[in-house]
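A.B. asks: Next up, my_file-v7.tsv (TSV, N, CA, C and O atoms).
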chain	number	residue	atom	x	y	z
A	155	MET	N	0.86	-1.17	0.00
A	155	MET	CA	0.00	0.00	0.00
A	155	MET	C	0.91	1.24	0.00
A	155	MET	O	1.81	1.33	0.82
A	156	PRO	N	0.64	2.20	-0.88
A	156	PRO	CA	1.46	3.41	-0.89
A	156	PRO	C	1.36	4.16	0.44
A	156	PRO	O	0.32	4.15	1.10
A	157	ARG	N	2.45	4.81	0.80
A	157	ARG	CA	2.50	5.52	2.08
A	157	ARG	C	1.42	6.61	2.17
A	157	ARG	O	0.78	6.75	3.21
A	158	TRP	N	1.21	7.38	1.09
A	158	TRP	CA	0.21	8.45	1.15
A	158	TRP	C	-1.18	7.89	1.40
A	158	TRP	O	-1.98	8.51	2.09
A	159	LEU	N	-1.45	6.70	0.85
A	159	LEU	CA	-2.76	6.08	1.09
A	159	LEU	C	-2.87	5.59	2.53
A	159	LEU	O	-3.90	5.79	3.17
A	160	ARG	N	-1.82	4.98	3.04
A	160	ARG	CA	-1.83	4.53	4.44
A	160	ARG	C	-1.95	5.72	5.39
A	160	ARG	O	-2.69	5.67	6.37
A	161	ASP	N	-1.25	6.82	5.08
A	161	ASP	CA	-1.27	7.99	5.94
A	161	ASP	C	-2.60	8.74	5.89
A	161	ASP	O	-2.91	9.51	6.79
A	162	ASN	N	-3.37	8.54	4.84
A	162	ASN	CA	-4.64	9.26	4.67
A	162	ASN	C	-5.81	8.30	4.46
A	162	ASN	O	-6.81	8.67	3.84
A	163	ALA	N	-5.70	7.10	4.97
A	163	ALA	CA	-6.71	6.07	4.74
A	163	ALA	C	-8.09	6.48	5.23
A	163	ALA	O	-9.10	6.20	4.56
A	164	LEU	N	-8.17	7.13	6.36
A	164	LEU	CA	-9.47	7.53	6.89
A	164	LEU	C	-10.15	8.55	5.98
A	164	LEU	O	-11.33	8.41	5.64
A	165	THR	N	-9.41	9.56	5.55
A	165	THR	CA	-9.97	10.58	4.67
A	165	THR	C	-10.41	9.98	3.34
A	165	THR	O	-11.51	10.25	2.87
A	166	VAL	N	-9.56	9.16	2.74
A	166	VAL	CA	-9.89	8.54	1.46
A	166	VAL	C	-11.13	7.66	1.59
A	166	VAL	O	-12.04	7.71	0.74
A	167	THR	N	-11.22	6.89	2.65
A	167	THR	CA	-12.37	6.01	2.87
A	167	THR	C	-13.65	6.81	3.07
A	167	THR	O	-14.68	6.49	2.47
A	168	MET	N	-13.59	7.85	3.88
A	168	MET	CA	-14.80	8.63	4.16
A	168	MET	C	-15.28	9.40	2.92
A	168	MET	O	-16.48	9.42	2.63
A	169	PHE	N	-14.36	10.01	2.18
A	169	PHE	CA	-14.77	10.70	0.95
A	169	PHE	C	-15.28	9.70	-0.09
A	169	PHE	O	-16.26	9.98	-0.79
A	170	GLY	N	-14.64	8.56	-0.20
A	170	GLY	CA	-15.09	7.53	-1.13
A	170	GLY	C	-16.49	7.05	-0.80
A	170	GLY	O	-17.35	6.93	-1.68
A	171	ALA	N	-16.73	6.76	0.47
A	171	ALA	CA	-18.06	6.31	0.90
A	171	ALA	C	-19.10	7.40	0.65
A	171	ALA	O	-20.21	7.12	0.18
A	172	PHE	N	-18.74	8.65	0.94
A	172	PHE	CA	-19.66	9.76	0.71
A	172	PHE	C	-20.07	9.83	-0.76
A	172	PHE	O	-21.25	9.94	-1.08
A	173	LEU	N	-19.09	9.75	-1.66
A	173	LEU	CA	-19.39	9.83	-3.09
A	173	LEU	C	-20.23	8.65	-3.57
A	173	LEU	O	-21.20	8.84	-4.32
A	174	VAL	N	-19.90	7.45	-3.13
A	174	VAL	CA	-20.67	6.27	-3.52
A	174	VAL	C	-22.11	6.39	-3.06
A	174	VAL	O	-23.05	6.17	-3.83
A	175	PHE	N	-22.30	6.77	-1.81
A	175	PHE	CA	-23.66	6.86	-1.28
A	175	PHE	C	-24.44	8.01	-1.90
A	175	PHE	O	-25.66	7.90	-2.12
A	176	LEU	N	-23.78	9.11	-2.22
A	176	LEU	CA	-24.47	10.22	-2.87
A	176	LEU	C	-24.92	9.83	-4.27
A	176	LEU	O	-26.04	10.14	-4.68
A	177	VAL	N	-24.08	9.13	-5.01
A	177	VAL	CA	-24.45	8.68	-6.35
A	177	VAL	C	-25.61	7.69	-6.27
A	177	VAL	O	-26.59	7.79	-7.02
A	178	LEU	N	-25.52	6.73	-5.35
A	178	LEU	CA	-26.60	5.76	-5.19
A	178	LEU	C	-27.91	6.44	-4.79
A	178	LEU	O	-28.98	6.10	-5.31
A	179	GLN	N	-27.82	7.41	-3.91
A	179	GLN	CA	-29.02	8.13	-3.50
A	179	GLN	C	-29.63	8.87	-4.68
A	179	GLN	O	-30.84	8.90	-4.84
A	180	SER	N	-28.78	9.46	-5.52
A	180	SER	CA	-29.31	10.19	-6.67
A	180	SER	C	-29.99	9.25	-7.67
A	180	SER	O	-31.04	9.57	-8.21
A	181	VAL	N	-29.42	8.07	-7.89
A	181	VAL	CA	-30.01	7.12	-8.84
A	181	VAL	C	-31.35	6.61	-8.33
A	181	VAL	O	-32.35	6.62	-9.06
A	182	PHE	N	-31.38	6.17	-7.08
A	182	PHE	CA	-32.63	5.63	-6.54
A	182	PHE	C	-33.68	6.72	-6.33
A	182	PHE	O	-34.88	6.50	-6.53
A	183	GLY	N	-33.24	7.91	-5.96
A	183	GLY	CA	-34.17	9.03	-5.83
A	183	GLY	C	-34.75	9.43	-7.17
A	183	GLY	O	-35.94	9.75	-7.28
A	184	TRP	N	-33.93	9.39	-8.21
A	184	TRP	CA	-34.38	9.71	-9.57
A	184	TRP	C	-35.44	8.71	-10.02
A	184	TRP	O	-36.48	9.09	-10.57
A	185	GLN	N	-35.19	7.42	-9.76
A	185	GLN	CA	-36.17	6.39	-10.13
A	185	GLN	C	-37.49	6.60	-9.39
A	185	GLN	O	-38.56	6.52	-9.98
A	186	THR	N	-37.40	6.88	-8.10
A	186	THR	CA	-38.61	7.12	-7.30
A	186	THR	C	-39.35	8.35	-7.79
A	186	THR	O	-40.59	8.34	-7.91
A	187	HIS	N	-38.61	9.41	-8.07
A	187	HIS	CA	-39.23	10.65	-8.55
A	187	HIS	C	-39.95	10.42	-9.87
A	187	HIS	O	-41.08	10.90	-10.06
A	188	ASN	N	-39.33	9.68	-10.78
A	188	ASN	CA	-39.99	9.40	-12.07
A	188	ASN	C	-41.22	8.52	-11.89
A	188	ASN	O	-42.20	8.66	-12.63
A	189	GLU	N	-41.19	7.61	-10.93
A	189	GLU	CA	-42.39	6.80	-10.65
A	189	GLU	C	-43.52	7.69	-10.14
A	189	GLU	O	-44.68	7.51	-10.53
A	190	GLU	N	-43.19	8.66	-9.28
A	190	GLU	CA	-44.20	9.58	-8.78
A	190	GLU	C	-44.75	10.44	-9.92
A	190	GLU	O	-45.97	10.71	-9.98
A	191	LEU	N	-43.89	10.90	-10.81
A	191	LEU	CA	-44.34	11.70	-11.95
A	191	LEU	C	-45.27	10.88	-12.84
A	191	LEU	O	-46.28	11.39	-13.34
A	192	ALA	N	-44.95	9.60	-13.05
A	192	ALA	CA	-45.78	8.74	-13.89
A	192	ALA	C	-47.17	8.55	-13.30
A	192	ALA	O	-48.16	8.47	-14.04
A	193	GLU	N	-47.26	8.49	-11.97
A	193	GLU	CA	-48.57	8.36	-11.32
A	193	GLU	C	-49.48	9.54	-11.63
A	193	GLU	O	-50.69	9.39	-11.68
A	194	PHE	N	-48.89	10.70	-11.86
A	194	PHE	CA	-49.67	11.90	-12.16
A	194	PHE	C	-49.72	12.18	-13.67
A	194	PHE	O	-50.21	13.22	-14.09
A	195	GLY	N	-49.19	11.27	-14.47
A	195	GLY	CA	-49.24	11.41	-15.91
A	195	GLY	C	-48.24	12.40	-16.47
A	195	GLY	O	-48.36	12.83	-17.61
A	196	ALA	N	-47.23	12.77	-15.69
A	196	ALA	CA	-46.20	13.70	-16.16
A	196	ALA	C	-45.05	12.94	-16.81
A	196	ALA	O	-44.83	11.76	-16.53
A	197	ALA	N	-44.33	13.64	-17.65
A	197	ALA	CA	-43.18	13.02	-18.34
A	197	ALA	C	-42.03	12.84	-17.35
A	197	ALA	O	-41.82	13.67	-16.46
A	198	PRO	N	-41.27	11.76	-17.50
A	198	PRO	CA	-40.12	11.55	-16.61
A	198	PRO	C	-39.02	12.57	-16.89
A	198	PRO	O	-38.95	13.14	-17.98
A	199	THR	N	-38.17	12.81	-15.90
A	199	THR	CA	-37.05	13.72	-16.06
A	199	THR	C	-35.76	12.93	-16.28
A	199	THR	O	-35.68	11.76	-15.92
A	200	SER	N	-34.78	13.59	-16.86
A	200	SER	CA	-33.48	12.96	-17.03
A	200	SER	C	-32.75	12.97	-15.69
A	200	SER	O	-33.09	13.74	-14.78
A	201	TRP	N	-31.72	12.14	-15.58
A	201	TRP	CA	-30.95	12.09	-14.34
A	201	TRP	C	-30.27	13.44	-14.08
A	201	TRP	O	-30.26	13.93	-12.96
A	202	ALA	N	-29.73	14.06	-15.14
A	202	ALA	CA	-29.07	15.37	-14.99
A	202	ALA	C	-30.06	16.43	-14.50
A	202	ALA	O	-29.72	17.24	-13.63
A	203	ALA	N	-31.27	16.41	-15.03
A	203	ALA	CA	-32.28	17.37	-14.57
A	203	ALA	C	-32.67	17.10	-13.13
A	203	ALA	O	-32.91	18.03	-12.35
A	204	TYR	N	-32.73	15.83	-12.77
A	204	TYR	CA	-33.08	15.47	-11.39
A	204	TYR	C	-32.04	16.00	-10.41
A	204	TYR	O	-32.39	16.44	-9.31
A	205	LEU	N	-30.75	15.97	-10.79
A	205	LEU	CA	-29.69	16.44	-9.88
A	205	LEU	C	-29.85	17.91	-9.51
A	205	LEU	O	-29.39	18.32	-8.45
A	206	GLY	N	-30.49	18.69	-10.35
A	206	GLY	CA	-30.72	20.10	-10.05
A	206	GLY	C	-32.10	20.39	-9.47
A	206	GLY	O	-32.45	21.54	-9.24
A	207	SER	N	-32.87	19.35	-9.21
A	207	SER	CA	-34.24	19.53	-8.73
A	207	SER	C	-34.31	19.69	-7.22
A	207	SER	O	-33.40	19.27	-6.49
A	208	GLY	N	-35.39	20.26	-6.78
A	208	GLY	CA	-35.64	20.39	-5.35
A	208	GLY	C	-35.83	19.05	-4.67
A	208	GLY	O	-35.49	18.89	-3.49
A	209	HIS	N	-36.37	18.07	-5.40
A	209	HIS	CA	-36.58	16.74	-4.83
A	209	HIS	C	-35.25	16.13	-4.40
A	209	HIS	O	-35.13	15.58	-3.30
A	210	PHE	N	-34.23	16.25	-5.25
A	210	PHE	CA	-32.91	15.70	-4.92
A	210	PHE	C	-32.29	16.46	-3.75
A	210	PHE	O	-31.78	15.86	-2.81
A	211	MET	N	-32.35	17.79	-3.81
A	211	MET	CA	-31.76	18.60	-2.74
A	211	MET	C	-32.42	18.29	-1.39
A	211	MET	O	-31.75	18.16	-0.37
A	212	GLU	N	-33.72	18.18	-1.39
A	212	GLU	CA	-34.44	17.88	-0.15
A	212	GLU	C	-34.04	16.53	0.41
A	212	GLU	O	-33.79	16.38	1.61
A	213	SER	N	-33.94	15.53	-0.46
A	213	SER	CA	-33.59	14.20	0.04
A	213	SER	C	-32.16	14.15	0.56
A	213	SER	O	-31.87	13.47	1.54
A	214	VAL	N	-31.25	14.91	-0.06
A	214	VAL	CA	-29.87	14.96	0.43
A	214	VAL	C	-29.83	15.58	1.82
A	214	VAL	O	-29.20	15.05	2.74
A	215	PHE	N	-30.51	16.71	2.00
A	215	PHE	CA	-30.46	17.37	3.30
A	215	PHE	C	-31.21	16.61	4.38
A	215	PHE	O	-30.84	16.66	5.55
A	216	GLU	N	-32.22	15.85	4.01
A	216	GLU	CA	-32.89	14.99	5.00
A	216	GLU	C	-31.94	13.91	5.49
A	216	GLU	O	-31.93	13.56	6.66
A	217	ASN	N	-31.12	13.38	4.59
A	217	ASN	CA	-30.17	12.34	4.99
A	217	ASN	C	-29.04	12.89	5.83
A	217	ASN	O	-28.44	12.17	6.62
A	218	TRP	N	-28.72	14.16	5.68
A	218	TRP	CA	-27.68	14.77	6.51
A	218	TRP	C	-28.12	14.79	7.97
A	218	TRP	O	-27.29	14.91	8.88
A	219	GLU	N	-29.41	14.68	8.20
A	219	GLU	CA	-29.93	14.69	9.57
A	219	GLU	C	-29.60	13.40	10.31
A	219	GLU	O	-29.76	13.32	11.53
A	220	SER	N	-29.15	12.40	9.59
A	220	SER	CA	-28.85	11.13	10.25
A	220	SER	C	-27.41	11.11	10.75
A	220	SER	O	-26.67	10.17	10.54
A	221	GLU	N	-27.03	12.18	11.44
A	221	GLU	CA	-25.64	12.33	11.90
A	221	GLU	C	-25.22	11.24	12.89
A	221	GLU	O	-24.03	10.93	12.99
A	222	PHE	N	-26.14	10.66	13.59
A	222	PHE	CA	-25.76	9.62	14.54
A	222	PHE	C	-25.22	8.40	13.81
A	222	PHE	O	-24.22	7.80	14.23
A	223	LEU	N	-25.83	8.04	12.68
A	223	LEU	CA	-25.34	6.93	11.88
A	223	LEU	C	-23.97	7.27	11.29
A	223	LEU	O	-23.05	6.45	11.32
A	224	GLN	N	-23.83	8.49	10.77
A	224	GLN	CA	-22.55	8.90	10.19
A	224	GLN	C	-21.45	8.92	11.24
A	224	GLN	O	-20.34	8.44	11.00
A	225	MET	N	-21.74	9.47	12.39
A	225	MET	CA	-20.73	9.55	13.45
A	225	MET	C	-20.38	8.16	13.97
A	225	MET	O	-19.22	7.89	14.26
A	226	GLY	N	-21.35	7.28	14.04
A	226	GLY	CA	-21.06	5.91	14.45
A	226	GLY	C	-20.12	5.23	13.48
A	226	GLY	O	-19.17	4.55	13.89
A	227	GLY	N	-20.36	5.41	12.19
A	227	GLY	CA	-19.46	4.86	11.17
A	227	GLY	C	-18.08	5.45	11.28
A	227	GLY	O	-17.07	4.74	11.16
A	228	TYR	N	-18.00	6.75	11.51
A	228	TYR	CA	-16.71	7.42	11.64
A	228	TYR	C	-15.92	6.88	12.83
A	228	TYR	O	-14.73	6.61	12.74
A	229	VAL	N	-16.60	6.70	13.95
A	229	VAL	CA	-15.94	6.18	15.15
A	229	VAL	C	-15.41	4.77	14.91
A	229	VAL	O	-14.27	4.45	15.28
A	230	LEU	N	-16.23	3.93	14.27
A	230	LEU	CA	-15.77	2.56	13.99
A	230	LEU	C	-14.59	2.55	13.02
A	230	LEU	O	-13.64	1.79	13.21
A	231	LEU	N	-14.62	3.40	12.00
A	231	LEU	CA	-13.51	3.44	11.05
A	231	LEU	C	-12.23	3.97	11.68
A	231	LEU	O	-11.14	3.51	11.36
A	232	THR	N	-12.33	4.92	12.60
A	232	THR	CA	-11.12	5.46	13.21
A	232	THR	C	-10.44	4.44	14.11
A	232	THR	O	-9.26	4.59	14.43
A	233	ALA	N	-11.15	3.40	14.49
A	233	ALA	CA	-10.53	2.35	15.29
A	233	ALA	C	-9.57	1.52	14.46
A	233	ALA	O	-8.65	0.90	15.00
A	234	TYR	N	-9.75	1.51	13.13
A	234	TYR	CA	-8.94	0.67	12.25
A	234	TYR	C	-8.08	1.44	11.26
A	234	TYR	O	-7.11	0.90	10.74
A	235	LEU	N	-8.45	2.68	10.93
A	235	LEU	CA	-7.73	3.45	9.92
A	235	LEU	C	-6.96	4.60	10.56
A	235	LEU	O	-7.30	5.05	11.64
A	236	VAL	N	-5.96	5.09	9.86
A	236	VAL	CA	-5.08	6.13	10.38
A	236	VAL	C	-5.18	7.37	9.50
A	236	VAL	O	-5.35	7.27	8.30
A	237	GLN	N	-5.07	8.55	10.10
A	237	GLN	CA	-4.98	9.81	9.37
A	237	GLN	C	-3.75	10.53	9.88
A	237	GLN	O	-3.78	11.14	10.93
A	238	ARG	N	-2.65	10.42	9.16
A	238	ARG	CA	-1.41	11.08	9.56
A	238	ARG	C	-1.59	12.59	9.50
A	238	ARG	O	-2.25	13.10	8.62
A	239	GLY	N	-0.97	13.27	10.44
A	239	GLY	CA	-1.02	14.72	10.44
A	239	GLY	C	-2.10	15.28	11.35
A	239	GLY	O	-2.11	16.46	11.65
A	240	SER	N	-3.04	14.44	11.79
A	240	SER	CA	-4.06	14.93	12.70
A	240	SER	C	-3.48	14.94	14.11
A	240	SER	O	-2.51	14.26	14.42
A	241	ALA	N	-4.07	15.73	14.97
A	241	ALA	CA	-3.59	15.84	16.34
A	241	ALA	C	-3.61	14.49	17.05
A	241	ALA	O	-2.74	14.19	17.88
A	242	GLU	N	-4.60	13.66	16.71
A	242	GLU	CA	-4.73	12.36	17.37
A	242	GLU	C	-3.62	11.40	16.96
A	242	GLU	O	-3.32	10.45	17.67
A	243	SER	N	-3.00	11.61	15.79
A	243	SER	CA	-1.99	10.67	15.32
A	243	SER	C	-0.57	11.08	15.70
A	243	SER	O	0.36	10.35	15.43
A	244	LYS	N	-0.42	12.24	16.34
A	244	LYS	CA	0.91	12.69	16.72
A	244	LYS	C	1.25	12.21	18.12
A	244	LYS	O	0.44	12.33	19.04
A	245	PRO	N	2.44	11.66	18.30
A	245	PRO	CA	2.82	11.19	19.64
A	245	PRO	C	3.03	12.37	20.59
A	245	PRO	O	3.48	13.43	20.19
A	246	VAL	N	2.69	12.17	21.82
A	246	VAL	CA	2.90	13.19	22.83
A	246	VAL	C	4.33	13.07	23.35
A	246	VAL	O	4.75	12.00	23.79
A	247	THR	N	5.05	14.16	23.27
A	247	THR	CA	6.42	14.17	23.78
A	247	THR	C	6.46	15.02	25.03
A	247	THR	O	5.55	15.79	25.31
A	248	ALA	N	7.53	14.91	25.78
A	248	ALA	CA	7.69	15.69	27.00
A	248	ALA	C	7.63	17.18	26.69
A	248	ALA	O	7.14	17.98	27.46
A	249	GLU	N	8.11	17.54	25.50
A	249	GLU	CA	8.13	18.94	25.09
A	249	GLU	C	6.71	19.47	24.88
A	249	GLU	O	6.43	20.63	25.13
A	250	HIS	N	5.80	18.60	24.43
A	250	HIS	CA	4.42	19.01	24.15
A	250	HIS	C	3.47	18.72	25.30
A	250	HIS	O	2.32	19.12	25.26
A	251	ALA	N	3.90	17.98	26.26
A	251	ALA	CA	3.01	17.61	27.38
A	251	ALA	C	2.80	18.82	28.29
A	251	ALA	O	3.72	19.57	28.55
A	252	HIS	N	1.59	18.97	28.74
A	252	HIS	CA	1.27	20.06	29.66
A	252	HIS	C	1.43	19.58	31.10
A	252	HIS	O	1.03	18.49	31.45
A	253	THR	N	2.02	20.42	31.90
A	253	THR	CA	2.26	20.04	33.28
A	253	THR	C	1.16	20.52	34.22
A	253	THR	O	1.13	20.15	35.35
A	254	GLY	N	0.24	21.35	33.69
A	254	GLY	CA	-0.85	21.82	34.52
A	254	GLY	C	-0.49	22.99	35.39
A	254	GLY	O	-1.16	23.26	36.38
A	255	ASP	N	0.59	23.70	35.06
A	255	ASP	CA	1.00	24.86	35.87
A	255	ASP	C	-0.03	25.93	35.86
A	255	ASP	O	-0.33	26.58	34.99
Please lay out the structure from this file as structure tokens.
C.D. replies:
Amino acid sequence: MPRWLRDNALTVTMFGAFLVFLVLQSVFGWQTHNEELAEFGAAPTSWAAYLGSGHFMESVFENWESEFLQMGGYVLLTAYLVQRGSAESKPVTAEHAHTGD
């Protein structure tokens, strides 16, 4: 595994998961939206048009409300993956330790 990937595994994994889930949400939301339009006798929309619609924006922001699920996933991933350069990944040295003065 390349060093940059190992050092940034958490970031790469989280952004990758975000993109995959956003694309999947857009595809399934588009299908659902077109089914609803068909029930009312309206013409279906293209996927590109759906991405700019209020229906897509609303569904994205509703899913952002599920922060407990997202945070739970983040906590579980941080138990196994590393993010070099973050404060949590830097060793504490005597020079950086606070004495509580």
A.B. asks: Excluding A:Thr186 and its own-chain neighbours fewer than 4 positions away, which residues fall within 12 Å of it when counting only C-alpha atoms? Please give them as a count of residues only.
C.D. replies: 15
A.B. asks: Tell me, in Å to one decimal, how far atom N of A:Thr232 is from atom CA of A:Gly183.
C.D. replies: 28.9 Å
A.B. asks: Taking only stretch 158-251 of chain A into account, list the residues labelled helix (DSSP H, G or I) by DSSP (computed from the backbone), as number ranges by chain.
C.D. replies: A: 158-161, 163-193, 201-205, 208-218, 221-232, 241-243
A.B. asks: Of the candidates A:Leu205, A:Ala197, A:Leu230, A:Val236, which shows the shortest atom-to-atom distance to A:Val166, using all atoms listed in the file?
C.D. replies: A:Val236
A.B. asks: What is the distance, in Å and to one decimal place, between atom CA of A:Trp158 and atom CA of A:Gly239?
C.D. replies: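 Between atom CA of A:Trp158 and atom CA of A:Gly239 the gap works out to 11.3 Å.
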A.B. asks: Please report the interatomic distance between atom N of A:Asn162 and atom CA of A:Gly227 in Å with one decimal.
C.D. replies: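 We find that atom N of A:Asn162 and atom CA of A:Gly227 lie 17.7 Å from each other.
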A.B. asks: Closest to A:Ala163 among A:Trp184, A:Ser207, A:Leu235, A:Ala202, using all atoms listed in the file?
C.D. replies: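 Among A:Trp184, A:Ser207, A:Leu235, A:Ala202, it is A:Leu235 that comes nearest to A:Ala163.
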A.B. asks: At the level of all heavy atoms, write stretch 222-231 of chain A to a file as a short mmCIF file (atom, residue, chain, number, x, y, z; two decimals), in the first residue's frame, please.
C.D. replies:
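And here's part-v2.cif as it stands now:
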data_model
loop_
_atom_site.label_atom_id
_atom_site.label_comp_id
_atom_site.auth_asym_id
_atom_site.auth_seq_id
_atom_site.Cartn_x
_atom_site.Cartn_y
_atom_site.Cartn_z
N PHE A 222 -26.14 10.66 13.59
CA PHE A 222 -25.76 9.62 14.54
C PHE A 222 -25.22 8.40 13.81
O PHE A 222 -24.22 7.80 14.23
CB PHE A 222 -26.94 9.23 15.43
CG PHE A 222 -27.37 10.33 16.35
CD1 PHE A 222 -28.59 10.95 16.18
CD2 PHE A 222 -26.53 10.76 17.36
CE1 PHE A 222 -28.97 11.99 17.01
CE2 PHE A 222 -26.90 11.79 18.20
CZ PHE A 222 -28.13 12.41 18.03
N LEU A 223 -25.83 8.04 12.68
CA LEU A 223 -25.34 6.93 11.88
C LEU A 223 -23.97 7.27 11.29
O LEU A 223 -23.05 6.45 11.32
CB LEU A 223 -26.33 6.60 10.77
CG LEU A 223 -25.95 5.47 9.82
CD1 LEU A 223 -25.74 4.17 10.60
CD2 LEU A 223 -27.01 5.29 8.77
N GLN A 224 -23.83 8.49 10.77
CA GLN A 224 -22.55 8.90 10.19
C GLN A 224 -21.45 8.92 11.24
O GLN A 224 -20.34 8.44 11.00
CB GLN A 224 -22.68 10.29 9.57
CG GLN A 224 -23.61 10.34 8.38
CD GLN A 224 -23.90 11.76 7.96
OE1 GLN A 224 -23.17 12.68 8.30
NE2 GLN A 224 -24.98 11.95 7.22
N MET A 225 -21.74 9.47 12.39
CA MET A 225 -20.73 9.55 13.45
C MET A 225 -20.38 8.16 13.97
O MET A 225 -19.22 7.89 14.26
CB MET A 225 -21.22 10.43 14.60
CG MET A 225 -20.14 10.70 15.63
SD MET A 225 -18.60 11.36 14.95
CE MET A 225 -19.05 13.01 14.57
N GLY A 226 -21.35 7.28 14.04
CA GLY A 226 -21.06 5.91 14.45
C GLY A 226 -20.12 5.23 13.48
O GLY A 226 -19.17 4.55 13.89
N GLY A 227 -20.36 5.41 12.19
CA GLY A 227 -19.46 4.86 11.17
C GLY A 227 -18.08 5.45 11.28
O GLY A 227 -17.07 4.74 11.16
N TYR A 228 -18.00 6.75 11.51
CA TYR A 228 -16.71 7.42 11.64
C TYR A 228 -15.92 6.88 12.83
O TYR A 228 -14.73 6.61 12.74
CB TYR A 228 -16.92 8.93 11.78
CG TYR A 228 -15.65 9.72 11.83
CD1 TYR A 228 -14.95 10.00 10.67
CD2 TYR A 228 -15.15 10.20 13.03
CE1 TYR A 228 -13.78 10.73 10.70
CE2 TYR A 228 -13.98 10.93 13.08
CZ TYR A 228 -13.31 11.20 11.91
OH TYR A 228 -12.14 11.91 11.95
N VAL A 229 -16.60 6.70 13.95
CA VAL A 229 -15.94 6.18 15.15
C VAL A 229 -15.41 4.77 14.91
O VAL A 229 -14.27 4.45 15.28
CB VAL A 229 -16.90 6.22 16.36
CG1 VAL A 229 -16.35 5.43 17.53
CG2 VAL A 229 -17.18 7.66 16.76
N LEU A 230 -16.23 3.93 14.27
CA LEU A 230 -15.77 2.56 13.99
C LEU A 230 -14.59 2.55 13.02
O LEU A 230 -13.64 1.79 13.21
CB LEU A 230 -16.92 1.74 13.42
CG LEU A 230 -18.03 1.41 14.40
CD1 LEU A 230 -19.17 0.68 13.69
CD2 LEU A 230 -17.50 0.57 15.56
N LEU A 231 -14.62 3.40 12.00
CA LEU A 231 -13.51 3.44 11.05
C LEU A 231 -12.23 3.97 11.68
O LEU A 231 -11.14 3.51 11.36
CB LEU A 231 -13.89 4.30 9.84
CG LEU A 231 -14.89 3.66 8.89
CD1 LEU A 231 -15.34 4.67 7.84
CD2 LEU A 231 -14.31 2.42 8.23
#
